[in-house]
$ cat model.txt   # compact mmCIF, C-alpha atoms
# COMPACT_ATOMS: atom_id res chain seq x y z
CA MET A 133 0.00 0.00 0.00
CA TYR A 134 1.18 3.51 -0.79
CA LYS A 135 -0.34 6.57 0.89
CA GLU A 136 -3.55 4.66 1.66
CA ASN A 137 -3.82 3.33 -1.90
CA THR A 138 -3.58 -0.34 -2.84
CA ILE A 139 -1.06 -0.86 -5.64
CA SER A 140 -1.12 -3.60 -8.26
CA VAL A 141 1.49 -4.27 -10.92
CA ILE A 142 0.93 -5.90 -14.30
CA ILE A 143 3.88 -7.42 -16.15
CA PRO A 144 3.29 -8.91 -19.62
CA ALA A 145 6.09 -11.38 -20.27
CA HIS A 146 7.20 -13.60 -23.14
CA ASN A 147 10.37 -15.62 -22.56
CA GLU A 148 11.76 -13.34 -19.85
CA ALA A 149 13.22 -16.10 -17.64
CA ARG A 150 16.56 -14.28 -17.39
CA SER A 151 15.05 -11.12 -15.90
CA ILE A 152 11.54 -11.71 -14.53
CA GLY A 153 12.71 -12.94 -11.13
CA GLN A 154 14.81 -9.82 -10.64
CA VAL A 155 11.95 -7.52 -11.67
CA VAL A 156 9.42 -9.17 -9.35
CA GLY A 157 11.92 -9.30 -6.49
CA ASP A 158 12.87 -5.64 -6.89
CA LEU A 159 9.21 -4.60 -6.90
CA LEU A 160 8.43 -6.60 -3.77
CA SER A 161 11.45 -5.09 -2.03
CA LEU A 162 10.01 -1.57 -2.33
CA LYS A 163 9.00 -0.33 1.11
CA ASN A 164 6.87 2.42 2.60
CA ASN A 165 8.12 4.61 5.41
CA GLY A 166 6.65 2.11 7.86
CA ASP A 167 8.74 -0.67 6.30
CA ALA A 168 5.63 -2.30 4.84
CA ARG A 169 5.54 -3.48 1.23
CA LEU A 170 4.64 -0.76 -1.23
CA ILE A 171 3.29 -3.21 -3.84
CA ASP A 172 0.23 -5.20 -2.81
CA ASP A 173 -0.12 -7.50 -5.82
CA ILE A 174 1.92 -8.44 -8.89
CA VAL A 175 0.28 -10.22 -11.82
CA VAL A 176 2.64 -11.61 -14.43
CA CYS A 177 1.01 -12.77 -17.64
CA ASP A 178 3.07 -15.51 -19.22
CA ASN A 179 2.35 -14.88 -22.89
CA ALA A 180 3.04 -18.29 -24.45
CA SER A 181 6.60 -18.48 -23.14
CA THR A 182 8.71 -21.49 -24.00
CA ASP A 183 11.18 -21.00 -21.15
CA GLN A 184 10.78 -20.94 -17.37
CA THR A 185 9.19 -17.49 -17.12
CA HIS A 186 6.09 -18.90 -15.41
CA ARG A 187 7.95 -20.83 -12.71
CA ILE A 188 10.53 -18.14 -11.96
CA ALA A 189 7.91 -15.39 -11.66
CA LYS A 190 5.84 -17.53 -9.30
CA ASP A 191 8.85 -18.46 -7.19
CA ALA A 192 9.78 -14.78 -6.92
CA GLY A 193 6.37 -13.95 -5.43
CA ALA A 194 4.10 -12.97 -8.31
CA ARG A 195 0.70 -14.32 -9.24
CA VAL A 196 1.00 -15.80 -12.71
CA VAL A 197 -1.68 -16.15 -15.37
CA TYR A 198 -1.21 -17.68 -18.80
CA GLU A 199 -2.33 -16.30 -22.16
CA ALA A 200 -1.79 -18.47 -25.21
CA THR A 201 -2.73 -15.79 -27.77
CA PRO A 202 0.48 -13.95 -28.63
CA GLY A 203 0.48 -10.18 -28.30
CA TYR A 204 1.37 -7.48 -25.80
CA GLY A 205 -2.24 -6.37 -25.55
CA SER A 206 -3.50 -9.93 -25.11
CA ALA A 207 -1.17 -10.37 -22.15
CA CYS A 208 -2.23 -7.07 -20.58
CA LEU A 209 -5.94 -7.86 -21.01
CA ALA A 210 -5.51 -11.27 -19.41
CA ALA A 211 -3.65 -9.72 -16.47
CA ILE A 212 -6.32 -7.04 -16.01
CA ALA A 213 -8.99 -9.74 -15.91
CA ALA A 214 -7.05 -11.44 -13.11
CA LEU A 215 -6.67 -8.30 -10.97
CA ASN A 216 -8.34 -7.99 -7.62
CA THR A 217 -10.07 -4.66 -6.98
CA THR A 218 -7.32 -2.11 -6.43
CA ASP A 219 -6.68 1.64 -6.47
CA ILE A 220 -3.73 2.13 -8.83
CA VAL A 221 -2.30 -0.14 -11.51
CA ILE A 222 1.33 0.01 -12.63
CA PHE A 223 2.34 -1.43 -16.01
CA ILE A 224 5.97 -2.45 -16.36
CA ASP A 225 7.94 -4.69 -18.70
CA GLY A 226 9.64 -7.82 -17.45
CA ASP A 227 13.03 -7.17 -19.08
CA ALA A 228 14.58 -5.14 -16.21
CA SER A 229 14.90 -2.02 -18.37
CA VAL A 230 12.97 0.04 -15.80
CA ASN A 231 14.39 1.25 -12.51
CA VAL A 232 11.61 0.13 -10.16
CA ASN A 233 12.81 2.60 -7.53
CA GLU A 234 11.09 5.23 -9.70
CA VAL A 235 7.65 3.64 -9.16
CA PRO A 236 6.80 6.19 -6.41
CA LEU A 237 7.37 9.04 -8.90
CA LEU A 238 4.49 7.76 -11.03
CA LEU A 239 2.31 6.94 -8.04
CA ASN A 240 2.71 10.44 -6.61
CA SER A 241 1.46 11.94 -9.87
CA VAL A 242 -1.65 9.75 -9.79
CA ILE A 243 -2.30 10.61 -6.15
CA ASP A 244 -1.90 14.31 -7.05
CA GLY A 245 -4.71 13.98 -9.62
CA ALA A 246 -3.31 12.53 -12.85
CA ASP A 247 -5.55 10.09 -14.71
CA LEU A 248 -2.67 8.52 -16.62
CA VAL A 249 1.06 8.82 -15.97
CA ILE A 250 3.55 7.84 -18.66
CA GLY A 251 7.16 7.21 -17.74
CA THR A 252 8.85 9.08 -20.58
CA ARG A 253 12.26 7.71 -21.54
CA VAL A 254 13.37 10.54 -23.81
CA ILE A 255 13.97 13.29 -21.26
CA ASN A 256 16.20 11.78 -18.57
CA GLN A 257 19.60 10.14 -19.00
CA GLN A 258 19.45 6.85 -20.88
CA GLU A 259 21.90 4.00 -20.58
CA PRO A 260 23.68 3.47 -23.92
CA GLY A 261 21.87 0.83 -25.94
CA SER A 262 18.65 1.04 -23.92
CA LEU A 263 16.69 2.43 -26.88
CA LEU A 264 17.58 1.10 -30.31
CA PRO A 265 17.52 3.41 -33.38
CA GLN A 266 14.35 1.78 -34.72
CA GLN A 267 12.64 2.35 -31.36
CA ARG A 268 13.63 6.01 -31.38
CA PHE A 269 12.41 6.49 -34.95
CA GLY A 270 9.06 4.76 -34.40
CA ASN A 271 8.51 6.56 -31.13
CA THR A 272 9.32 9.96 -32.67
CA LEU A 273 6.96 9.44 -35.61
CA ALA A 274 4.11 8.07 -33.48
CA THR A 275 4.26 10.91 -30.96
CA TYR A 276 4.45 13.43 -33.82
CA LEU A 277 1.23 12.03 -35.28
CA ILE A 278 -0.52 12.19 -31.92
CA ARG A 279 0.54 15.82 -31.43
CA SER A 280 -0.61 16.66 -34.97
CA PHE A 281 -4.01 14.96 -34.70
CA TRP A 282 -4.93 15.92 -31.15
CA SER A 283 -2.75 18.95 -30.28
CA VAL A 284 -1.54 17.29 -27.09
CA SER A 285 2.10 17.20 -26.02
CA VAL A 286 3.35 13.60 -26.09
CA THR A 287 7.02 12.57 -26.07
CA ASP A 288 6.95 8.82 -25.53
CA LEU A 289 4.85 5.65 -25.79
CA GLY A 290 6.73 4.20 -22.83
CA PRO A 291 5.35 0.96 -21.37
CA PHE A 292 6.15 2.07 -17.78
CA ARG A 293 2.93 3.76 -16.69
CA ALA A 294 0.46 4.20 -13.85
CA ILE A 295 -3.31 4.60 -13.97
CA PRO A 296 -6.17 4.46 -11.46
CA TYR A 297 -7.94 1.11 -11.68
CA LYS A 298 -11.35 2.72 -12.30
CA THR A 299 -9.93 4.84 -15.10
CA LEU A 300 -8.33 1.78 -16.69
CA LEU A 301 -11.70 0.03 -16.82
CA GLN A 302 -13.31 3.20 -18.19
CA LEU A 303 -11.00 3.14 -21.24
CA SER A 304 -12.39 -0.23 -22.45
CA MET A 305 -9.02 -1.33 -23.80
CA SER A 306 -9.21 -3.80 -26.67
CA ASP A 307 -6.00 -3.92 -28.75
CA GLN A 308 -4.38 -7.34 -28.53
CA ARG A 309 -1.02 -6.56 -30.05
CA PHE A 310 1.51 -3.74 -30.03
CA GLY A 311 -1.02 -0.94 -30.43
CA TRP A 312 -1.92 -1.33 -26.75
CA THR A 313 0.18 1.49 -25.32
CA VAL A 314 -0.82 4.06 -27.93
CA GLU A 315 -4.48 3.01 -27.64
CA MET A 316 -4.39 3.82 -23.93
CA GLN A 317 -2.88 7.25 -24.54
CA ILE A 318 -5.20 8.22 -27.38
CA LYS A 319 -8.35 7.06 -25.62
CA SER A 320 -7.26 9.06 -22.58
CA ILE A 321 -6.81 12.12 -24.79
CA GLN A 322 -10.20 11.59 -26.44
CA GLN A 323 -11.90 11.35 -23.05
CA GLY A 324 -10.25 14.56 -21.87
CA LEU A 325 -8.31 12.88 -19.08
CA ASN A 326 -5.40 14.45 -17.24
CA ILE A 327 -2.27 12.87 -18.74
CA VAL A 328 1.10 13.50 -17.12
CA GLU A 329 4.53 12.52 -18.41
CA CYS A 330 7.08 11.65 -15.75
CA PRO A 331 10.76 11.52 -16.79
CA VAL A 332 12.30 8.15 -15.93
CA SER A 333 15.67 6.53 -16.49
CA THR A 334 16.08 3.65 -18.89
CA ARG A 335 18.49 0.73 -18.74
CA LYS A 336 19.58 -1.72 -21.39
CA ARG A 337 17.23 -4.68 -21.19
CA ILE A 338 18.33 -8.14 -20.11
CA GLY A 339 18.18 -10.55 -23.01
CA HIS A 340 17.25 -10.03 -26.64
CA SER A 341 14.16 -8.01 -27.54
CA LYS A 342 11.51 -10.01 -29.38
CA ILE A 343 10.15 -6.81 -30.92
CA SER A 344 12.77 -4.17 -31.66
CA GLY A 345 15.52 -6.78 -31.79
CA THR A 346 14.24 -8.36 -35.03
CA LEU A 347 13.16 -6.97 -38.40
CA LYS A 348 9.88 -8.89 -38.28
CA GLY A 349 9.10 -7.75 -34.74
CA THR A 350 9.92 -4.12 -35.52
CA THR A 351 7.79 -4.15 -38.68
CA LEU A 352 4.77 -5.73 -36.98
CA ALA A 353 5.01 -3.37 -34.01
CA CYS A 354 5.15 -0.31 -36.28
CA LEU A 355 2.17 -1.53 -38.31
CA ASP A 356 0.16 -2.12 -35.14
CA ILE A 357 1.03 1.25 -33.62
CA PHE A 358 0.40 3.36 -36.71
CA SER A 359 -2.77 1.49 -37.71
CA THR A 360 -4.11 2.06 -34.19
CA ILE A 361 -3.39 5.79 -34.39
CA PHE A 362 -5.14 6.18 -37.74
CA LYS A 363 -8.04 3.89 -36.78
CA LEU A 364 -8.80 5.84 -33.61
CA ARG A 365 -8.48 9.15 -35.48
CA TRP A 366 -10.84 7.92 -38.22
CA LYS A 367 -13.43 6.71 -35.70
CA GLN A 368 -13.34 10.03 -33.90
CA THR A 369 -13.77 11.93 -37.19
CA GLN A 370 -16.72 9.74 -38.17
CA GLN A 371 -18.37 10.32 -34.81
CA LEU A 372 -17.96 14.09 -35.17
CA HIS A 373 -19.44 14.01 -38.68
CA TYR A 374 -22.38 11.98 -37.41
CA LYS A 375 -23.03 14.44 -34.57
CA LYS A 376 -22.96 17.36 -36.99
CA PHE A 377 -25.34 15.51 -39.32
CA ARG A 378 -27.78 14.80 -36.51
CA LYS A 379 -27.58 18.42 -35.33
CA THR A 380 -28.28 19.68 -38.85
CA GLN A 381 -31.27 17.36 -39.15
CA ALA A 382 -32.64 18.55 -35.82
CA ASN A 383 -32.27 22.21 -36.84
CA ASN A 384 -34.14 21.56 -40.11
CA LEU A 385 -37.16 20.05 -38.41
$ encode --input "model.txt" --output "structure tokens"
Amino acid sequence: MYKENTISVIIPAHNEARSIGQVVGDLLSLKNNGDARLIDDIVVCDNASTDQTHRIAKDAGARVVYEATPGYGSACLAAIAALNTTDIVIFIDGDASVNVNEVPLLLNSVIDGADLVIGTRVINQQEPGSLLPQQRFGNTLATYLIRSFWSVSVTDLGPFRAIPYKTLLQLSMSDQRFGWTVEMQIKSIQQGLNIVECPVSTRKRIGHSKISGTLKGTTLACLDIFSTIFKLRWKQTQQLHYKKFRKTQANNL
């Protein structure tokens, strides 16, 4: 618990046996001033791993659920379904690229009134090799499109984020693949929520990235992210046109 709020963590994981135990252990070692655990619950979603991710995460102290359908969003949705009622949900990757000691920074922003807090990796010091060139390019283009379409300052699609549990449910998340993170941000923008970016440090991940570390993974991730941006923009435009049409009809009666 943190400042009278119950805290849950979701970790989507595919073949993260080398790092998942460290991530879970570091999270559970976080303490409040009273020396009580800061994190109340950790749900790791084993997303069709072929290594020992499931066993290691469980041994480290996490609750583990399994999702056979591959995809970052599929893993997050399965983990959300397994959550107990909580106050704030933290999303974090299982590759040890995040400094978990920065979790309170995100939590403080939520407690101060933010509806969604994104740990932005492009402001603070980054460890060399923590963000690959293709990640930087895709991130820059995606955030540029968001700023252009919605006139909202966005610098990163970082997976390290915090959100009130009730707000998370309100967003009705649905993307099953790599469009998950950008879907959350755009839906929050569309609903007029208070979005805060919190500068965080970034470390080189443990192990080889299944997404940015391969041409296929990078291509699929980019397609998912950009198609999500344009799909959500198109739906919003159609809804606005429909409202204008209905208003015109009403005025003509």
$ atom_distance --input "model.txt" --atom1 "CA of Ser181 in chain A" --atom2 "CA of Asn147 in chain A"
4.8 Å
$ atom_distance --input "model.txt" --atom1 "CA of Glu329 in chain A" --atom2 "CA of Ala246 in chain A"
9.6 Å
$ residues_near_point --input "model.txt" --point "(-10.3, 16.3, -15.9)" --cutoff "10 Å" --atoms "all atoms listed in the file" --output "list in words"
Gly245, Ala246, Asp247, Gln323, Gly324, Leu325, Asn326 and Ile327 of chain A
$ residues_around --input "model.txt" --residues "Phe358 in chain A" --least-positions-apart "6" --cutoff "10 Å" --atoms "only C-alpha atoms" --output "list in words"
Gly270, Leu273, Ala274, Leu277, Phe310, Gly311 and Val314 of chain A
$ closest_residue --input "model.txt" --among "A:Ile152, A:Ile255, A:Leu160, A:Leu170" --to "Arg337 in chain A" --atoms "only C-alpha atoms"
A:Ile152
$ build_atoms --input "model.txt" --residues "range 229-250 of chain A" --atoms "N, CA, C and O atoms" --output "mmCIF file, in the coordinates of the input"
data_model
loop_
_atom_site.group_PDB
_atom_site.id
_atom_site.type_symbol
_atom_site.label_atom_id
_atom_site.label_comp_id
_atom_site.auth_asym_id
_atom_site.auth_seq_id
_atom_site.Cartn_x
_atom_site.Cartn_y
_atom_site.Cartn_z
ATOM 1 N N SER A 229 14.444 -3.289 -17.791
ATOM 2 C CA SER A 229 14.900 -2.020 -18.370
ATOM 3 C C SER A 229 14.457 -0.821 -17.536
ATOM 4 O O SER A 229 14.971 0.285 -17.708
ATOM 5 N N VAL A 230 13.504 -1.043 -16.630
ATOM 6 C CA VAL A 230 12.970 0.040 -15.800
ATOM 7 C C VAL A 230 13.603 -0.011 -14.417
ATOM 8 O O VAL A 230 13.778 -1.087 -13.837
ATOM 9 N N ASN A 231 13.919 1.145 -13.887
ATOM 10 C CA ASN A 231 14.390 1.250 -12.510
ATOM 11 C C ASN A 231 13.162 1.302 -11.606
ATOM 12 O O ASN A 231 12.477 2.323 -11.525
ATOM 13 N N VAL A 232 12.845 0.207 -10.935
ATOM 14 C CA VAL A 232 11.610 0.130 -10.160
ATOM 15 C C VAL A 232 11.604 1.104 -8.976
ATOM 16 O O VAL A 232 10.538 1.395 -8.422
ATOM 17 N N ASN A 233 12.774 1.608 -8.593
ATOM 18 C CA ASN A 233 12.810 2.600 -7.530
ATOM 19 C C ASN A 233 12.107 3.903 -7.916
ATOM 20 O O ASN A 233 11.838 4.758 -7.064
ATOM 21 N N GLU A 234 11.797 4.046 -9.218
ATOM 22 C CA GLU A 234 11.090 5.230 -9.700
ATOM 23 C C GLU A 234 9.570 5.048 -9.685
ATOM 24 O O GLU A 234 8.834 5.975 -10.057
ATOM 25 N N VAL A 235 9.094 3.876 -9.259
ATOM 26 C CA VAL A 235 7.650 3.640 -9.160
ATOM 27 C C VAL A 235 6.948 4.737 -8.347
ATOM 28 O O VAL A 235 5.893 5.239 -8.757
ATOM 29 N N PRO A 236 7.481 5.142 -7.175
ATOM 30 C CA PRO A 236 6.800 6.190 -6.410
ATOM 31 C C PRO A 236 6.620 7.509 -7.162
ATOM 32 O O PRO A 236 5.676 8.256 -6.885
ATOM 33 N N LEU A 237 7.510 7.811 -8.112
ATOM 34 C CA LEU A 237 7.370 9.040 -8.900
ATOM 35 C C LEU A 237 6.046 9.021 -9.662
ATOM 36 O O LEU A 237 5.319 10.026 -9.706
ATOM 37 N N LEU A 238 5.732 7.882 -10.273
ATOM 38 C CA LEU A 238 4.490 7.760 -11.030
ATOM 39 C C LEU A 238 3.286 7.735 -10.096
ATOM 40 O O LEU A 238 2.261 8.369 -10.364
ATOM 41 N N LEU A 239 3.423 7.028 -8.980
ATOM 42 C CA LEU A 239 2.310 6.940 -8.040
ATOM 43 C C LEU A 239 1.963 8.309 -7.464
ATOM 44 O O LEU A 239 0.781 8.646 -7.301
ATOM 45 N N ASN A 240 2.976 9.105 -7.160
ATOM 46 C CA ASN A 240 2.710 10.440 -6.610
ATOM 47 C C ASN A 240 1.911 11.294 -7.583
ATOM 48 O O ASN A 240 1.038 12.068 -7.172
ATOM 49 N N SER A 241 2.202 11.161 -8.874
ATOM 50 C CA SER A 241 1.460 11.940 -9.870
ATOM 51 C C SER A 241 -0.007 11.526 -9.918
ATOM 52 O O SER A 241 -0.898 12.368 -10.057
ATOM 53 N N VAL A 242 -0.259 10.226 -9.808
ATOM 54 C CA VAL A 242 -1.650 9.750 -9.790
ATOM 55 C C VAL A 242 -2.361 10.271 -8.555
ATOM 56 O O VAL A 242 -3.486 10.777 -8.619
ATOM 57 N N ILE A 243 -1.699 10.163 -7.408
ATOM 58 C CA ILE A 243 -2.300 10.610 -6.150
ATOM 59 C C ILE A 243 -2.561 12.124 -6.182
ATOM 60 O O ILE A 243 -3.531 12.620 -5.593
ATOM 61 N N ASP A 244 -1.723 12.851 -6.928
ATOM 62 C CA ASP A 244 -1.900 14.310 -7.050
ATOM 63 C C ASP A 244 -2.991 14.685 -8.057
ATOM 64 O O ASP A 244 -3.262 15.875 -8.240
ATOM 65 N N GLY A 245 -3.575 13.681 -8.740
ATOM 66 C CA GLY A 245 -4.710 13.980 -9.620
ATOM 67 C C GLY A 245 -4.581 13.559 -11.065
ATOM 68 O O GLY A 245 -5.516 13.754 -11.850
ATOM 69 N N ALA A 246 -3.452 12.972 -11.461
ATOM 70 C CA ALA A 246 -3.310 12.530 -12.850
ATOM 71 C C ALA A 246 -4.188 11.300 -13.106
ATOM 72 O O ALA A 246 -4.329 10.437 -12.245
ATOM 73 N N ASP A 247 -4.749 11.251 -14.317
ATOM 74 C CA ASP A 247 -5.550 10.090 -14.710
ATOM 75 C C ASP A 247 -4.702 9.024 -15.407
ATOM 76 O O ASP A 247 -5.076 7.855 -15.444
ATOM 77 N N LEU A 248 -3.602 9.442 -15.969
ATOM 78 C CA LEU A 248 -2.670 8.520 -16.620
ATOM 79 C C LEU A 248 -1.282 9.123 -16.536
ATOM 80 O O LEU A 248 -1.092 10.293 -16.898
ATOM 81 N N VAL A 249 -0.322 8.343 -16.062
ATOM 82 C CA VAL A 249 1.060 8.820 -15.970
ATOM 83 C C VAL A 249 1.940 7.928 -16.836
ATOM 84 O O VAL A 249 1.955 6.702 -16.672
ATOM 85 N N ILE A 250 2.649 8.548 -17.759
ATOM 86 C CA ILE A 250 3.550 7.840 -18.660
ATOM 87 C C ILE A 250 4.984 8.104 -18.221
ATOM 88 O O ILE A 250 5.391 9.263 -18.091
#
